[in-house]
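Novice: Take a look at my_file-v2.pdb, PDB, C-alpha atoms:
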```pdb
ATOM      1  CA  MET A   1      94.552 109.039 113.619
ATOM      2  CA  LEU A   2      90.850 109.737 113.079
ATOM      3  CA  LYS A   3      88.199 108.250 115.343
ATOM      4  CA  VAL A   4      84.524 108.777 114.552
ATOM      5  CA  ASP A   5      81.750 107.825 116.983
ATOM      6  CA  ILE A   6      78.323 109.158 116.005
ATOM      7  CA  ALA A   7      75.454 107.975 118.194
ATOM      8  CA  SER A   8      73.010 109.991 116.116
ATOM      9  CA  PHE A   9      72.789 113.101 113.967
ATOM     10  CA  THR A  10      69.427 114.726 113.360
ATOM     11  CA  TYR A  11      68.596 117.485 110.901
ATOM     12  CA  SER A  12      65.184 119.194 110.923
ATOM     13  CA  GLU A  13      63.901 116.497 113.295
ATOM     14  CA  LYS A  14      64.923 113.747 110.877
ATOM     15  CA  ALA A  15      67.565 111.218 111.914
ATOM     16  CA  ILE A  16      70.256 111.243 109.187
ATOM     17  CA  LEU A  17      72.985 109.118 110.809
ATOM     18  CA  LYS A  18      72.814 106.551 113.622
ATOM     19  CA  GLN A  19      75.414 104.366 115.320
ATOM     20  CA  ILE A  20      78.349 105.167 113.040
ATOM     21  CA  ALA A  21      81.718 104.192 114.506
ATOM     22  CA  PHE A  22      85.065 103.691 112.777
ATOM     23  CA  SER A  23      88.696 104.776 112.896
ATOM     24  CA  LEU A  24      91.077 105.723 110.102
ATOM     25  CA  GLN A  25      94.826 105.199 110.091
ATOM     26  CA  PRO A  26      97.447 107.448 108.398
ATOM     27  CA  GLY A  27      97.470 106.837 104.655
ATOM     28  CA  GLU A  28      94.337 104.678 104.725
ATOM     29  CA  HIS A  29      91.604 105.088 102.106
ATOM     30  CA  LEU A  30      88.019 104.499 103.230
ATOM     31  CA  SER A  31      85.178 104.522 100.689
ATOM     32  CA  VAL A  32      81.690 105.312 101.978
ATOM     33  CA  LEU A  33      79.246 103.501  99.722
ATOM     34  CA  GLY A  34      75.491 103.950  99.794
ATOM     35  CA  GLU A  35      72.396 105.004  97.906
ATOM     36  CA  SER A  36      71.403 108.664  97.550
ATOM     37  CA  GLY A  37      70.128 110.142 100.793
ATOM     38  CA  CYS A  38      71.787 107.586 103.089
ATOM     39  CA  GLY A  39      73.994 110.205 104.768
ATOM     40  CA  LYS A  40      77.334 109.954 102.922
ATOM     41  CA  SER A  41      77.767 113.716 102.376
ATOM     42  CA  THR A  42      76.506 114.491 105.876
ATOM     43  CA  LEU A  43      79.177 112.208 107.341
ATOM     44  CA  LEU A  44      81.932 114.088 105.484
ATOM     45  CA  HIS A  45      80.517 117.460 106.548
ATOM     46  CA  LEU A  46      80.453 116.355 110.189
ATOM     47  CA  ILE A  47      84.071 115.194 110.052
ATOM     48  CA  TYR A  48      85.205 118.394 108.340
ATOM     49  CA  GLY A  49      83.372 120.543 110.881
ATOM     50  CA  LEU A  50      80.635 122.128 108.781
ATOM     51  CA  LEU A  51      77.904 120.567 110.935
ATOM     52  CA  HIS A  52      77.677 120.358 114.713
ATOM     53  CA  LEU A  53      77.521 116.928 116.343
ATOM     54  CA  ASP A  54      75.549 116.868 119.603
ATOM     55  CA  ASP A  55      75.303 113.132 120.140
ATOM     56  CA  GLY A  56      78.749 111.670 119.549
ATOM     57  CA  SER A  57      82.387 112.637 119.121
ATOM     58  CA  ILE A  58      85.100 112.960 116.497
ATOM     59  CA  PHE A  59      88.761 112.793 117.492
ATOM     60  CA  TYR A  60      91.897 113.431 115.478
ATOM     61  CA  ASN A  61      95.198 112.367 117.041
ATOM     62  CA  HIS A  62      93.443 112.135 120.438
ATOM     63  CA  GLN A  63      92.139 115.709 120.190
ATOM     64  CA  GLN A  64      88.387 116.218 119.929
ATOM     65  CA  LEU A  65      87.133 118.192 116.947
ATOM     66  CA  LEU A  66      84.484 120.565 118.235
ATOM     67  CA  GLY A  67      82.744 121.623 115.034
ATOM     68  CA  PRO A  68      81.422 124.973 113.790
ATOM     69  CA  THR A  69      79.984 126.183 117.107
ATOM     70  CA  GLN A  70      83.467 126.281 118.649
ATOM     71  CA  THR A  71      85.568 127.500 115.733
ATOM     72  CA  LEU A  72      85.660 130.869 113.986
ATOM     73  CA  ILE A  73      86.148 129.328 110.537
ATOM     74  CA  PRO A  74      84.534 125.911 109.948
ATOM     75  CA  GLY A  75      86.938 123.202 108.844
ATOM     76  CA  GLU A  76      90.220 121.956 110.286
ATOM     77  CA  PRO A  77      93.584 123.113 108.853
ATOM     78  CA  PHE A  78      94.990 119.590 108.529
ATOM     79  CA  MET A  79      92.134 118.349 106.323
ATOM     80  CA  LYS A  80      90.468 119.415 103.099
ATOM     81  CA  LEU A  81      86.998 118.732 101.746
ATOM     82  CA  VAL A  82      86.252 118.609  98.033
ATOM     83  CA  ALA A  83      82.489 118.971  97.960
ATOM     84  CA  GLN A  84      80.106 118.636  95.026
ATOM     85  CA  GLU A  85      79.987 122.442  94.869
ATOM     86  CA  PHE A  86      83.520 123.329  93.788
ATOM     87  CA  ASN A  87      85.427 125.856  95.910
ATOM     88  CA  ILE A  88      87.224 127.524  93.012
ATOM     89  CA  MET A  89      87.531 131.072  91.663
ATOM     90  CA  SER A  90      86.021 131.403  88.190
ATOM     91  CA  PHE A  91      87.812 134.562  87.058
ATOM     92  CA  THR A  92      91.366 133.459  87.770
ATOM     93  CA  THR A  93      93.525 130.902  85.982
ATOM     94  CA  VAL A  94      93.896 127.250  86.895
ATOM     95  CA  ALA A  95      97.413 127.845  88.225
ATOM     96  CA  GLU A  96      96.271 130.834  90.284
ATOM     97  CA  ASN A  97      93.487 128.758  91.834
ATOM     98  CA  ILE A  98      95.898 126.047  92.940
ATOM     99  CA  GLY A  99      98.432 128.606  94.170
ATOM    100  CA  SER A 100      95.874 130.560  96.218
ATOM    101  CA  HIS A 101      96.436 128.227  99.194
ATOM    102  CA  LEU A 102     100.235 128.446  99.085
ATOM    103  CA  SER A 103     102.351 130.790 101.231
ATOM    104  CA  ARG A 104     103.695 132.844  98.270
ATOM    105  CA  GLN A 105     106.947 133.407 100.167
ATOM    106  CA  ASP A 106     108.992 131.355  97.711
ATOM    107  CA  GLN A 107     107.700 131.763  94.159
ATOM    108  CA  GLU A 108     110.008 129.138  92.695
ATOM    109  CA  LYS A 109     108.872 126.571  95.253
ATOM    110  CA  ASP A 110     105.208 127.512  94.712
ATOM    111  CA  ASN A 111     105.552 127.163  90.954
ATOM    112  CA  ALA A 112     107.091 123.712  91.359
ATOM    113  CA  ARG A 113     104.239 122.678  93.643
ATOM    114  CA  ILE A 114     101.612 123.976  91.210
ATOM    115  CA  SER A 115     103.310 122.144  88.344
ATOM    116  CA  GLU A 116     103.365 118.908  90.353
ATOM    117  CA  LEU A 117      99.645 119.087  91.129
ATOM    118  CA  LEU A 118      98.738 120.035  87.568
ATOM    119  CA  THR A 119     100.422 116.792  86.528
ATOM    120  CA  VAL A 120      98.533 114.774  89.161
ATOM    121  CA  VAL A 121      95.150 115.962  87.826
ATOM    122  CA  ASP A 122      96.300 116.030  84.189
ATOM    123  CA  MET A 123      95.662 119.770  83.725
ATOM    124  CA  THR A 124      99.160 121.017  82.761
ATOM    125  CA  GLU A 125      98.050 122.346  79.375
ATOM    126  CA  TYR A 126      95.315 124.431  81.057
ATOM    127  CA  ALA A 127      97.561 126.153  83.612
ATOM    128  CA  ASN A 128      96.900 129.637  82.194
ATOM    129  CA  THR A 129      93.250 129.085  81.267
ATOM    130  CA  LEU A 130      90.554 130.994  83.152
ATOM    131  CA  VAL A 131      88.478 128.602  85.240
ATOM    132  CA  LYS A 132      85.232 130.053  83.893
ATOM    133  CA  ASN A 133      86.160 128.656  80.469
ATOM    134  CA  LEU A 134      86.565 125.076  81.696
ATOM    135  CA  SER A 135      84.104 122.194  81.530
ATOM    136  CA  GLY A 136      82.496 120.781  84.690
ATOM    137  CA  GLY A 137      84.916 117.856  84.770
ATOM    138  CA  GLN A 138      87.925 120.144  84.365
ATOM    139  CA  LYS A 139      86.698 122.353  87.218
ATOM    140  CA  GLN A 140      86.388 119.257  89.373
ATOM    141  CA  ARG A 141      90.025 118.414  88.664
ATOM    142  CA  VAL A 142      91.085 121.963  89.591
ATOM    143  CA  ALA A 143      89.207 121.621  92.902
ATOM    144  CA  LEU A 144      91.093 118.380  93.623
ATOM    145  CA  ALA A 145      94.476 119.977  92.915
ATOM    146  CA  LYS A 146      93.607 123.042  95.006
ATOM    147  CA  ALA A 147      92.671 120.829  97.967
ATOM    148  CA  LEU A 148      96.071 119.124  97.781
ATOM    149  CA  ALA A 149      98.097 122.342  97.573
ATOM    150  CA  ASN A 150      99.094 122.443 101.246
ATOM    151  CA  GLN A 151      99.509 118.657 101.575
ATOM    152  CA  PRO A 152      96.579 117.887 103.931
ATOM    153  CA  GLU A 153      96.816 114.941 106.295
ATOM    154  CA  LEU A 154      93.222 113.938 105.529
ATOM    155  CA  LEU A 155      91.325 114.458 102.276
ATOM    156  CA  LEU A 156      87.520 114.190 102.186
ATOM    157  CA  LEU A 157      86.069 113.631  98.717
ATOM    158  CA  ASP A 158      82.350 113.849  97.936
ATOM    159  CA  GLU A 159      81.661 112.128  94.580
ATOM    160  CA  PRO A 160      84.993 113.514  93.265
ATOM    161  CA  PHE A 161      84.725 112.131  89.714
ATOM    162  CA  SER A 162      81.015 112.612  89.036
ATOM    163  CA  ASN A 163      81.556 115.111  86.176
ATOM    164  CA  ILE A 164      84.525 113.384  84.560
ATOM    165  CA  ASP A 165      84.240 111.125  81.511
ATOM    166  CA  VAL A 166      85.075 107.430  81.882
ATOM    167  CA  PHE A 167      88.387 107.480  79.973
ATOM    168  CA  ARG A 168      89.714 110.463  81.939
ATOM    169  CA  LYS A 169      88.245 109.145  85.204
ATOM    170  CA  ASN A 170      90.175 105.864  85.119
ATOM    171  CA  LYS A 171      93.504 107.601  84.548
ATOM    172  CA  LEU A 172      92.795 110.324  87.116
ATOM    173  CA  ARG A 173      91.798 107.879  89.832
ATOM    174  CA  ARG A 174      95.017 105.895  89.390
ATOM    175  CA  LYS A 175      97.156 109.034  89.563
ATOM    176  CA  LEU A 176      95.289 110.711  92.421
ATOM    177  CA  PHE A 177      94.977 107.712  94.727
ATOM    178  CA  GLY A 178      98.543 106.683  93.893
ATOM    179  CA  TYR A 179      99.702 110.174  94.888
ATOM    180  CA  LEU A 180      97.798 109.973  98.192
ATOM    181  CA  LYS A 181      99.399 106.608  99.035
ATOM    182  CA  GLU A 182     102.887 107.827  98.145
ATOM    183  CA  ASN A 183     102.449 110.829 100.431
ATOM    184  CA  ASN A 184     100.681 108.966 103.259
ATOM    185  CA  ILE A 185      97.569 111.148 102.978
ATOM    186  CA  SER A 186      94.451 109.585 104.458
ATOM    187  CA  CYS A 187      91.290 109.734 102.389
ATOM    188  CA  ILE A 188      87.552 109.253 102.858
ATOM    189  CA  THR A 189      85.529 109.138  99.647
ATOM    190  CA  ALA A 190      81.742 109.272  99.441
ATOM    191  CA  THR A 191      80.818 107.485  96.232
ATOM    192  CA  HIS A 192      78.199 105.548  94.261
ATOM    193  CA  ASP A 193      80.926 103.996  92.103
ATOM    194  CA  ASN A 194      81.450 100.336  93.015
ATOM    195  CA  GLU A 195      84.501  99.960  90.738
ATOM    196  CA  GLU A 196      86.217 102.863  92.454
ATOM    197  CA  ALA A 197      85.402 101.528  95.913
ATOM    198  CA  LEU A 198      86.615  98.011  95.112
ATOM    199  CA  ALA A 199      89.795  98.959  93.254
ATOM    200  CA  PHE A 200      91.185 101.806  95.343
ATOM    201  CA  SER A 201      89.890 101.454  98.913
ATOM    202  CA  ASP A 202      91.547  99.821 101.874
ATOM    203  CA  ARG A 203      88.106  99.443 103.452
ATOM    204  CA  ILE A 204      84.500 100.046 102.458
ATOM    205  CA  LEU A 205      81.900 101.488 104.818
ATOM    206  CA  MET A 206      78.460 100.719 103.381
ATOM    207  CA  LEU A 207      75.545 102.754 104.696
ATOM    208  CA  LYS A 208      71.828 101.984 104.617
ATOM    209  CA  ASN A 209      69.274 104.472 105.946
ATOM    210  CA  GLY A 210      72.042 106.276 107.815
ATOM    211  CA  GLU A 211      73.377 103.189 109.601
ATOM    212  CA  VAL A 212      76.352 100.899 109.026
ATOM    213  CA  GLU A 213      75.348  98.029 106.763
ATOM    214  CA  THR A 214      78.863  96.580 106.637
ATOM    215  CA  LEU A 215      82.465  97.666 107.171
ATOM    216  CA  ALA A 216      85.318  95.561 105.801
ATOM    217  CA  THR A 217      87.978  95.294 103.124
ATOM    218  CA  PRO A 218      86.709  95.429  99.516
ATOM    219  CA  GLU A 219      87.387  91.701  99.075
ATOM    220  CA  ASN A 220      85.443  90.791 102.205
ATOM    221  CA  VAL A 221      82.525  93.060 101.365
ATOM    222  CA  TYR A 222      82.225  91.676  97.835
ATOM    223  CA  LYS A 223      82.714  88.004  98.680
ATOM    224  CA  ASN A 224      80.415  88.026 101.702
ATOM    225  CA  VAL A 225      77.339  89.946 100.568
ATOM    226  CA  SER A 226      74.407  88.714 102.640
ATOM    227  CA  ASN A 227      71.434  90.469 101.050
ATOM    228  CA  VAL A 228      70.216  92.090  97.841
ATOM    229  CA  TYR A 229      70.961  95.612  99.103
ATOM    230  CA  GLN A 230      74.655  94.862  99.611
ATOM    231  CA  ALA A 231      75.022  92.941  96.359
ATOM    232  CA  GLY A 232      73.124  95.559  94.365
ATOM    233  CA  PHE A 233      76.035  98.013  94.559
ATOM    234  CA  PHE A 234      78.158  95.676  92.459
ATOM    235  CA  GLY A 235      75.837  95.200  89.511
ATOM    236  CA  GLU A 236      72.912  92.923  88.740
ATOM    237  CA  VAL A 237      72.061  90.439  91.460
ATOM    238  CA  ASN A 238      70.001  87.256  91.758
ATOM    239  CA  SER A 239      68.114  86.073  94.802
ATOM    240  CA  LEU A 240      67.113  82.441  94.301
ATOM    241  CA  PRO A 241      65.920  79.563  96.514
ATOM    242  CA  ALA A 242      68.911  77.519  97.617
ATOM    243  CA  THR A 243      67.055  74.293  96.809
ATOM    244  CA  LEU A 244      67.287  75.159  93.098
ATOM    245  CA  LEU A 245      71.058  75.149  93.025
ATOM    246  CA  THR A 246      72.293  72.883  95.806
ATOM    247  CA  ALA A 247      71.743  69.265  96.748
ATOM    248  CA  GLU A 248      71.217  70.283 100.358
ATOM    249  CA  LYS A 249      67.717  71.056 101.571
ATOM    250  CA  LEU A 250      68.387  74.650 102.560
ATOM    251  CA  SER A 251      65.508  77.013 103.211
ATOM    252  CA  GLU A 252      67.311  80.302 102.654
ATOM    253  CA  GLU A 253      67.760  82.336  99.497
ATOM    254  CA  LEU A 254      71.106  82.405  97.694
ATOM    255  CA  ILE A 255      72.496  85.796  96.677
ATOM    256  CA  LEU A 256      74.392  85.345  93.419
ATOM    257  CA  PHE A 257      76.073  87.631  90.894
ATOM    258  CA  PRO A 258      75.612  86.884  87.171
ATOM    259  CA  HIS A 259      79.124  85.429  86.865
ATOM    260  CA  GLN A 260      78.239  82.819  89.488
ATOM    261  CA  LEU A 261      75.671  81.182  87.184
ATOM    262  CA  ARG A 262      76.390  79.278  83.972
ATOM    263  CA  VAL A 263      74.488  77.480  81.260
ATOM    264  CA  SER A 264      74.329  73.746  82.006
ATOM    265  CA  ASP A 265      74.435  70.948  79.431
ATOM    266  CA  LYS A 266      72.413  68.862  81.839
ATOM    267  CA  LYS A 267      68.872  69.351  83.007
ATOM    268  CA  THR A 268      68.652  71.252  86.306
ATOM    269  CA  LYS A 269      65.930  72.623  88.553
ATOM    270  CA  LEU A 270      66.617  76.133  87.266
ATOM    271  CA  GLN A 271      65.211  76.398  83.745
ATOM    272  CA  VAL A 272      64.961  79.967  82.459
ATOM    273  CA  ILE A 273      63.633  81.738  79.391
ATOM    274  CA  VAL A 274      65.939  84.311  77.788
ATOM    275  CA  ILE A 275      64.478  87.812  77.583
ATOM    276  CA  LYS A 276      67.369  89.906  76.306
ATOM    277  CA  THR A 277      71.127  89.763  75.681
ATOM    278  CA  TYR A 278      73.526  92.638  76.470
ATOM    279  CA  PHE A 279      77.000  92.733  74.927
ATOM    280  CA  LYS A 280      79.628  93.571  77.564
ATOM    281  CA  GLY A 281      82.788  93.272  75.467
ATOM    282  CA  SER A 282      84.415  90.266  77.148
ATOM    283  CA  HIS A 283      81.094  88.455  77.587
ATOM    284  CA  PHE A 284      77.326  88.691  77.227
ATOM    285  CA  LEU A 285      74.994  89.504  80.106
ATOM    286  CA  ILE A 286      71.802  87.520  79.707
ATOM    287  CA  GLU A 287      68.536  88.704  81.225
ATOM    288  CA  SER A 288      66.153  85.793  81.712
ATOM    289  CA  GLU A 289      63.049  84.807  83.638
ATOM    290  CA  TRP A 290      62.206  81.987  86.023
ATOM    291  CA  GLN A 291      58.638  81.764  87.359
ATOM    292  CA  GLY A 292      58.116  85.492  86.838
ATOM    293  CA  LYS A 293      61.410  86.389  88.502
ATOM    294  CA  LYS A 294      64.358  88.027  86.706
ATOM    295  CA  VAL A 295      67.567  85.984  86.570
ATOM    296  CA  PHE A 296      70.839  87.408  85.207
ATOM    297  CA  PHE A 297      73.780  85.274  84.099
ATOM    298  CA  GLU A 298      76.891  85.591  81.930
ATOM    299  CA  HIS A 299      77.572  83.629  78.748
ATOM    300  CA  PHE A 300      80.299  83.526  76.096
ATOM    301  CA  GLU A 301      77.903  83.985  73.189
ATOM    302  CA  LYS A 302      74.672  85.773  72.375
ATOM    303  CA  LEU A 303      71.439  83.932  73.159
ATOM    304  CA  GLN A 304      68.241  84.598  71.258
ATOM    305  CA  ALA A 305      65.139  85.832  73.043
ATOM    306  CA  ARG A 306      62.670  83.118  74.149
ATOM    307  CA  THR A 307      65.461  80.513  74.198
ATOM    308  CA  SER A 308      65.090  78.041  77.072
ATOM    309  CA  VAL A 309      68.264  77.038  78.977
ATOM    310  CA  PHE A 310      69.170  75.282  82.205
ATOM    311  CA  LEU A 311      71.422  77.024  84.721
ATOM    312  CA  SER A 312      73.714  75.747  87.439
ATOM    313  CA  LYS A 313      75.892  77.400  90.057
ATOM    314  CA  LYS A 314      79.603  77.700  89.284
TER     315      LYS A 314
END
```
Take the structure from the file and write it as structure tokens.

Specialist:
Amino acid sequence: MLKVDIASFTYSEKAILKQIAFSLQPGEHLSVLGESGCGKSTLLHLIYGLLHLDDGSIFYNHQQLLGPTQTLIPGEPFMKLVAQEFNIMSFTTVAENIGSHLSRQDQEKDNARISELLTVVDMTEYANTLVKNLSGGQKQRVALAKALANQPELLLLDEPFSNIDVFRKNKLRRKLFGYLKENNISCITATHDNEEALAFSDRILMLKNGEVETLATPENVYKNVSNVYQAGFFGEVNSLPATLLTAEKLSEELILFPHQLRVSDKKTKLQVIVIKTYFKGSHFLIESEWQGKKVFFEHFEKLQARTSVFLSKK
């Protein structure tokens, strides 16, 4: 459905994106993961048609999207972008905002559609509230509902839950992404949130300095991290000499998450000194030190600072 091939995109003589190529099928959800400034928002703006692409091409259903230089109004009618600056009207109600994109030829049908989307974003009780009286997170939810009003084929989301509290965020993500799947709406989400990317994506596109670091399913990305940059998106990470943890005489470093290390009853090559213990609910995250290097591991109980323990690989 969507085919993106960006050889390079430069802004103010600075290369923002280079060698980005991927396709997106109907109903597929792609998460773009990367640190701030890596080009995530720029990629969405290029796809939507807010920026002109000189060196590359973007096709939708075999038709090239020509960008803002060739269209009177930037943006394609079959897609919607929810940017970090919300496109909502402050002095109208929530319901009026959502309904502003509807045809208004059948009021009963429009009202049913508005009611449906209010339920999706959990804003039913605020239907008649002026947008200017809402919190930042509530405005973000209105922007999401408004973008869905005309059932786009492709939804582009730029940090869509950044202003929403954790409890509300978890529920909203389940409802929103479930709704998109049920209605076969494709989605590209630019995010810093590793939990969101892992739980709701069909594939993850990880960017580094404007280039593709990896592109695969969430399971493959997580289970096959090959460096500290990749692993760092999923929490604390350890980079340790392989000779410490394996019988083989390997020269490379092992990239390990905290849950891949455990306290050993036997003496091992990896003896650490506990620095601090963090309670995580189901377990404790232990920050320790080995030869001046931080080592993180999980444990079932709290360990006191300056305690010495041996670690092994699970």

Novice: Choose the residue, out of A:Lys314, A:Lys3, A:Arg104, A:Lys40, that has the smallest atom-to-atom separation from Glu211 of chain A; count all atoms listed in the file.

Specialist: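 Among the listed residues, A:Lys40 lies closest to Glu211 of chain A.
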
Novice: With distances taken over all atoms listed in the file, which of A:Leu176, A:Leu240, A:Leu311, A:Ile6 is nearest to Ser264 of chain A?

Specialist: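 Using all atoms listed in the file, Ser264 of chain A sits closest to A:Leu311.
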
Novice: Taking (70.6, 91.0, 89.8) in the file's coordinates as the center, which residues reach within 10 Å of it, counting only C-alpha atoms, put as a PyMOL selection string?

Specialist: chain A and resi 228+231-232+234-239+255-258+287+294-297

Novice: Keeping C-alpha atoms for every residue in the selection just given, could you write it to a file as a compact mmCIF listing (two decimals), in the coordinates of the input?

Specialist:
```
# COMPACT_ATOMS: atom_id res chain seq x y z
CA VAL A 228 70.22 92.09 97.84
CA ALA A 231 75.02 92.94 96.36
CA GLY A 232 73.12 95.56 94.36
CA PHE A 234 78.16 95.68 92.46
CA GLY A 235 75.84 95.20 89.51
CA GLU A 236 72.91 92.92 88.74
CA VAL A 237 72.06 90.44 91.46
CA ASN A 238 70.00 87.26 91.76
CA SER A 239 68.11 86.07 94.80
CA ILE A 255 72.50 85.80 96.68
CA LEU A 256 74.39 85.34 93.42
CA PHE A 257 76.07 87.63 90.89
CA PRO A 258 75.61 86.88 87.17
CA GLU A 287 68.54 88.70 81.22
CA LYS A 294 64.36 88.03 86.71
CA VAL A 295 67.57 85.98 86.57
CA PHE A 296 70.84 87.41 85.21
CA PHE A 297 73.78 85.27 84.10
```

Novice: Tell me which protein, DNA and RNA residues are within 7 Å of segment 178-188 of chain A, counting only C-alpha atoms, leaving out same-chain ones fewer than 4 positions away, and put them as a PyMOL selection string.

Specialist: chain A and resi 26-31+152-157+174

Novice: Tell me which of A:Asn150, A:His259, A:Thr191, A:His299 sits closest to Tyr278 of chain A, counting only C-alpha atoms.

Specialist: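 The shortest atom-to-atom distance to Tyr278 of chain A comes from A:His299.
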
Novice: Which residues are close to Ala147 of chain A, i.e. within 10 Å by all atoms listed in the file, leaving aside same-chain residues fewer than 6 positions away? Reply as a PDB file with C-alpha atoms, in the coordinates of the input.

Specialist:
```
ATOM      1  CA  MET A  79      92.134 118.349 106.323  1.00  0.00           C
ATOM      2  CA  LYS A  80      90.468 119.415 103.099  1.00  0.00           C
ATOM      3  CA  LEU A  81      86.998 118.732 101.746  1.00  0.00           C
ATOM      4  CA  VAL A  82      86.252 118.609  98.033  1.00  0.00           C
ATOM      5  CA  ASN A  87      85.427 125.856  95.910  1.00  0.00           C
ATOM      6  CA  ILE A  88      87.224 127.524  93.012  1.00  0.00           C
ATOM      7  CA  ILE A  98      95.898 126.047  92.940  1.00  0.00           C
ATOM      8  CA  HIS A 101      96.436 128.227  99.194  1.00  0.00           C
ATOM      9  CA  LEU A 117      99.645 119.087  91.129  1.00  0.00           C
ATOM     10  CA  ARG A 141      90.025 118.414  88.664  1.00  0.00           C
ATOM     11  CA  LEU A 155      91.325 114.458 102.276  1.00  0.00           C
ATOM     12  CA  LEU A 156      87.520 114.190 102.186  1.00  0.00           C
ATOM     13  CA  LEU A 157      86.069 113.631  98.717  1.00  0.00           C
TER      14      LEU A 157
END
```

Novice: Between atom CA of Lys276 of chain A and atom CA of Leu303 of chain A, what is the distance, to one decimal in Å?

Specialist: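 Atom CA of Leu303 of chain A lies 7.9 Å from atom CA of Lys276 of chain A.
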
Novice: Please provide as number ranges by chain all residues within 9 Å of segment 18-23 of chain A, with the sequence filter that same-chain residues fewer than 2 positions apart are discarded (counting all atoms listed in the file).

Specialist: A: 1-10, 15-16, 25, 205, 209-212, 215

Novice: Could you work out how far atom CA of Ser312 of chain A lies from atom CA of Leu261 of chain A, giving the answer in Å with one decimal?

Specialist: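 These atoms are spaced 5.8 Å apart.
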
Novice: Set the distance at 10 Å and use all atoms listed in the file: which residues neighbour Tyr222 of chain A once local chain neighbours fewer than 5 positions away are removed? I'd like the list as an mmCIF file with C-alpha atoms, keeping the file's coordinate frame.

Specialist:
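Result written to around.cif:
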```cif
data_model
loop_
_atom_site.group_PDB
_atom_site.id
_atom_site.type_symbol
_atom_site.label_atom_id
_atom_site.label_comp_id
_atom_site.auth_asym_id
_atom_site.auth_seq_id
_atom_site.Cartn_x
_atom_site.Cartn_y
_atom_site.Cartn_z
ATOM 1 C CA ASN A 194 81.450 100.336 93.015
ATOM 2 C CA LEU A 198 86.615 98.011 95.112
ATOM 3 C CA ILE A 204 84.500 100.046 102.458
ATOM 4 C CA ALA A 216 85.318 95.561 105.801
ATOM 5 C CA THR A 217 87.978 95.294 103.124
ATOM 6 C CA GLN A 230 74.655 94.862 99.611
ATOM 7 C CA ALA A 231 75.022 92.941 96.359
ATOM 8 C CA PHE A 233 76.035 98.013 94.559
ATOM 9 C CA PHE A 234 78.158 95.676 92.459
#
```

Novice: From the set A:Thr268, A:Asn227, A:Thr277, A:Ser103, which residue has the shortest atom-to-atom contact distance to Thr214 of chain A, counting only C-alpha atoms?

Specialist: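 Using only C-alpha atoms, Thr214 of chain A sits closest to A:Asn227.
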
Novice: Which polymer residues, protein or nucleic acid, are no farther than 12 Å from (106.6, 123.6, 93.3), counting all atoms listed in the file, as an mmCIF file with C-alpha atoms, in the coordinates of the input?

Specialist:
```
data_model
loop_
_atom_site.group_PDB
_atom_site.id
_atom_site.type_symbol
_atom_site.label_atom_id
_atom_site.label_comp_id
_atom_site.auth_asym_id
_atom_site.auth_seq_id
_atom_site.Cartn_x
_atom_site.Cartn_y
_atom_site.Cartn_z
ATOM 1 C CA ALA A 95 97.413 127.845 88.225
ATOM 2 C CA ILE A 98 95.898 126.047 92.940
ATOM 3 C CA GLY A 99 98.432 128.606 94.170
ATOM 4 C CA LEU A 102 100.235 128.446 99.085
ATOM 5 C CA SER A 103 102.351 130.790 101.231
ATOM 6 C CA ARG A 104 103.695 132.844 98.270
ATOM 7 C CA GLN A 105 106.947 133.407 100.167
ATOM 8 C CA ASP A 106 108.992 131.355 97.711
ATOM 9 C CA GLN A 107 107.700 131.763 94.159
ATOM 10 C CA GLU A 108 110.008 129.138 92.695
ATOM 11 C CA LYS A 109 108.872 126.571 95.253
ATOM 12 C CA ASP A 110 105.208 127.512 94.712
ATOM 13 C CA ASN A 111 105.552 127.163 90.954
ATOM 14 C CA ALA A 112 107.091 123.712 91.359
ATOM 15 C CA ARG A 113 104.239 122.678 93.643
ATOM 16 C CA ILE A 114 101.612 123.976 91.210
ATOM 17 C CA SER A 115 103.310 122.144 88.344
ATOM 18 C CA GLU A 116 103.365 118.908 90.353
ATOM 19 C CA LEU A 117 99.645 119.087 91.129
ATOM 20 C CA LEU A 118 98.738 120.035 87.568
ATOM 21 C CA THR A 119 100.422 116.792 86.528
ATOM 22 C CA ALA A 149 98.097 122.342 97.573
ATOM 23 C CA ASN A 150 99.094 122.443 101.246
ATOM 24 C CA GLN A 151 99.509 118.657 101.575
#
```

Novice: Can you tell me which residues surround Asn128 of chain A at a distance of at most 12 Å, considering all atoms listed in the file, apart from same-chain residues fewer than 2 positions away, and format the answer as a PDB file with C-alpha atoms, in the frame of the given file?

Specialist:
```pdb
ATOM      1  CA  PHE A  91      87.812 134.562  87.058  1.00  0.00           C
ATOM      2  CA  THR A  92      91.366 133.459  87.770  1.00  0.00           C
ATOM      3  CA  THR A  93      93.525 130.902  85.982  1.00  0.00           C
ATOM      4  CA  VAL A  94      93.896 127.250  86.895  1.00  0.00           C
ATOM      5  CA  ALA A  95      97.413 127.845  88.225  1.00  0.00           C
ATOM      6  CA  GLU A  96      96.271 130.834  90.284  1.00  0.00           C
ATOM      7  CA  ASN A  97      93.487 128.758  91.834  1.00  0.00           C
ATOM      8  CA  ILE A  98      95.898 126.047  92.940  1.00  0.00           C
ATOM      9  CA  ILE A 114     101.612 123.976  91.210  1.00  0.00           C
ATOM     10  CA  SER A 115     103.310 122.144  88.344  1.00  0.00           C
ATOM     11  CA  LEU A 118      98.738 120.035  87.568  1.00  0.00           C
ATOM     12  CA  MET A 123      95.662 119.770  83.725  1.00  0.00           C
ATOM     13  CA  THR A 124      99.160 121.017  82.761  1.00  0.00           C
ATOM     14  CA  GLU A 125      98.050 122.346  79.375  1.00  0.00           C
ATOM     15  CA  TYR A 126      95.315 124.431  81.057  1.00  0.00           C
ATOM     16  CA  LEU A 130      90.554 130.994  83.152  1.00  0.00           C
ATOM     17  CA  VAL A 131      88.478 128.602  85.240  1.00  0.00           C
ATOM     18  CA  LYS A 132      85.232 130.053  83.893  1.00  0.00           C
ATOM     19  CA  ASN A 133      86.160 128.656  80.469  1.00  0.00           C
ATOM     20  CA  LEU A 134      86.565 125.076  81.696  1.00  0.00           C
TER      21      LEU A 134
END
```
